[in-house]
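The block underneath contains the structure these notes are about, expressed in structure tokens.
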Amino acid sequence: MALTARRAEGEAAPDRGLAAEFERLAAAWWEETAYLSSTTEIVSNPHYRAIIAMGEPALPLILDRLRRERDDPDHWFEALAAITGEDPVPRSAWGRNAEKAEAWLRWADKNGAG
């Protein structure tokens, strides 16, 4: 995917309004899904869908979360795939969220995303 704006090439960090909205949506999503076991339910939550609807501008925010949550990340993978149209997670990492996070962070470094 050719990202329209690459932070590696000097793009400014996401604007504060976008970041605040992302944080609000992420907090509401987590609060409503923290005790769910169904990934389908977790990723179909309206707050999660609203984050996906933010599109490419949300990528640096999601990737930052993955960096911070690296060992125990939330379910950001479906959002990343929906926004980018890609999925760098190898089949061997399915069911292993820390490995999925590492695959996405390698993808981000390779593609200059976030």
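Letters for chains follow the order of the structure tokens (A, B, ...), residue numbers begin at 1 for each chain, and ligand numbers begin at 1 in the order shown.
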Ala58 in chain A surroundings by only C-alpha atoms, 12 Å radius, close-in-sequence under 5 positions cut, as a VMD selection string = chain A and resid 5 13 to 23 25 to 26 48 to 53 63 to 65 76 79 to 80 82 to 84 113 to 114
CA of Arg24 in chain A sits from CA of Ile62 in chain A at a separation of 13.1 Å
For the atom pair CA of Leu36 in chain A and CA of Arg68 in chain A, what is the interatomic distance in Å to one decimal place?
-> 21.9 Å
Those in chain A with helix (DSSP H, G or I) from DSSP, as a PDB file with C-alpha atoms, in the first residue's frame:
ATOM      1  CA  ARG A   7       5.847  10.131   9.053  1.00  0.00           C
ATOM      2  CA  ALA A   8       9.275   8.836   8.128  1.00  0.00           C
ATOM      3  CA  GLU A   9       9.424  11.583   5.510  1.00  0.00           C
ATOM      4  CA  ARG A  16      -4.669  16.795  18.730  1.00  0.00           C
ATOM      5  CA  GLY A  17      -8.342  16.698  17.806  1.00  0.00           C
ATOM      6  CA  LEU A  18      -7.926  13.439  15.931  1.00  0.00           C
ATOM      7  CA  ALA A  19      -5.784  11.991  18.709  1.00  0.00           C
ATOM      8  CA  ALA A  20      -8.334  12.997  21.350  1.00  0.00           C
ATOM      9  CA  GLU A  21     -11.178  11.457  19.346  1.00  0.00           C
ATOM     10  CA  PHE A  22      -9.151   8.286  18.858  1.00  0.00           C
ATOM     11  CA  GLU A  23      -8.440   8.060  22.592  1.00  0.00           C
ATOM     12  CA  ARG A  24     -12.108   8.639  23.420  1.00  0.00           C
ATOM     13  CA  LEU A  25     -13.221   5.924  20.995  1.00  0.00           C
ATOM     14  CA  ALA A  26     -10.498   3.499  22.110  1.00  0.00           C
ATOM     15  CA  ALA A  27     -11.416   3.955  25.777  1.00  0.00           C
ATOM     16  CA  ALA A  28     -15.122   3.400  25.078  1.00  0.00           C
ATOM     17  CA  TRP A  29     -14.321   0.365  22.921  1.00  0.00           C
ATOM     18  CA  TRP A  30     -12.114  -1.164  25.606  1.00  0.00           C
ATOM     19  CA  GLU A  31     -14.661  -0.477  28.343  1.00  0.00           C
ATOM     20  CA  GLU A  32     -17.431  -2.148  26.351  1.00  0.00           C
ATOM     21  CA  THR A  33     -15.420  -5.155  25.173  1.00  0.00           C
ATOM     22  CA  THR A  39     -13.165 -11.464  18.576  1.00  0.00           C
ATOM     23  CA  THR A  40     -16.115 -10.965  16.233  1.00  0.00           C
ATOM     24  CA  GLU A  41     -17.999  -9.070  18.934  1.00  0.00           C
ATOM     25  CA  ILE A  42     -14.901  -7.131  19.934  1.00  0.00           C
ATOM     26  CA  VAL A  43     -14.191  -5.871  16.408  1.00  0.00           C
ATOM     27  CA  PRO A  46     -19.374   0.676  17.029  1.00  0.00           C
ATOM     28  CA  HIS A  47     -16.434   2.501  18.634  1.00  0.00           C
ATOM     29  CA  TYR A  48     -13.946   0.162  16.951  1.00  0.00           C
ATOM     30  CA  ARG A  49     -15.758   0.635  13.636  1.00  0.00           C
ATOM     31  CA  ALA A  50     -15.541   4.412  14.125  1.00  0.00           C
ATOM     32  CA  ILE A  51     -11.770   4.110  14.559  1.00  0.00           C
ATOM     33  CA  ILE A  52     -11.580   2.178  11.294  1.00  0.00           C
ATOM     34  CA  ALA A  53     -13.685   4.892   9.652  1.00  0.00           C
ATOM     35  CA  GLU A  56      -5.203   6.352   7.304  1.00  0.00           C
ATOM     36  CA  PRO A  57      -4.892   9.220   9.808  1.00  0.00           C
ATOM     37  CA  ALA A  58      -5.576   6.674  12.574  1.00  0.00           C
ATOM     38  CA  LEU A  59      -2.640   4.447  11.578  1.00  0.00           C
ATOM     39  CA  PRO A  60       0.054   6.239  13.625  1.00  0.00           C
ATOM     40  CA  LEU A  61      -2.254   6.223  16.653  1.00  0.00           C
ATOM     41  CA  ILE A  62      -2.996   2.505  16.369  1.00  0.00           C
ATOM     42  CA  LEU A  63       0.654   1.669  15.727  1.00  0.00           C
ATOM     43  CA  ASP A  64       1.671   3.743  18.745  1.00  0.00           C
ATOM     44  CA  ARG A  65      -0.739   1.680  20.846  1.00  0.00           C
ATOM     45  CA  LEU A  66       0.831  -1.517  19.498  1.00  0.00           C
ATOM     46  CA  ARG A  67       4.277  -0.256  20.448  1.00  0.00           C
ATOM     47  CA  ARG A  68       3.122   0.527  23.979  1.00  0.00           C
ATOM     48  CA  GLU A  69       1.101  -2.686  24.365  1.00  0.00           C
ATOM     49  CA  PHE A  77      -5.135  -6.152  13.867  1.00  0.00           C
ATOM     50  CA  GLU A  78      -8.500  -6.140  12.113  1.00  0.00           C
ATOM     51  CA  ALA A  79      -8.525  -2.334  12.133  1.00  0.00           C
ATOM     52  CA  LEU A  80      -5.030  -2.215  10.645  1.00  0.00           C
ATOM     53  CA  ALA A  81      -5.975  -4.685   7.921  1.00  0.00           C
ATOM     54  CA  ALA A  82      -9.196  -2.813   7.142  1.00  0.00           C
ATOM     55  CA  ILE A  83      -7.421   0.538   6.886  1.00  0.00           C
ATOM     56  CA  THR A  84      -4.374  -0.654   4.938  1.00  0.00           C
ATOM     57  CA  ARG A  91      -0.324 -17.858   9.653  1.00  0.00           C
ATOM     58  CA  SER A  92       2.127 -19.148  12.273  1.00  0.00           C
ATOM     59  CA  ALA A  93       1.330 -16.085  14.425  1.00  0.00           C
ATOM     60  CA  ASN A  97      -1.196 -11.345  19.702  1.00  0.00           C
ATOM     61  CA  ALA A  98       2.343 -10.320  20.657  1.00  0.00           C
ATOM     62  CA  GLU A  99       3.653 -11.920  17.441  1.00  0.00           C
ATOM     63  CA  LYS A 100       0.878 -10.259  15.450  1.00  0.00           C
ATOM     64  CA  ALA A 101       1.883  -6.908  16.929  1.00  0.00           C
ATOM     65  CA  GLU A 102       5.520  -7.495  15.946  1.00  0.00           C
ATOM     66  CA  ALA A 103       4.471  -8.356  12.376  1.00  0.00           C
ATOM     67  CA  TRP A 104       2.485  -5.121  12.098  1.00  0.00           C
ATOM     68  CA  LEU A 105       5.295  -3.054  13.589  1.00  0.00           C
ATOM     69  CA  ARG A 106       7.747  -4.551  11.074  1.00  0.00           C
ATOM     70  CA  TRP A 107       5.228  -3.702   8.335  1.00  0.00           C
ATOM     71  CA  ALA A 108       5.003  -0.129   9.645  1.00  0.00           C
ATOM     72  CA  ASP A 109       8.793   0.271   9.626  1.00  0.00           C
ATOM     73  CA  LYS A 110       9.014  -1.126   6.090  1.00  0.00           C
ATOM     74  CA  ASN A 111       6.210   1.102   4.803  1.00  0.00           C
TER      75      ASN A 111
END
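A straight line drawn from CA of Arg96 in chain A to CA of Gly55 in chain A is 25.1 Å long.
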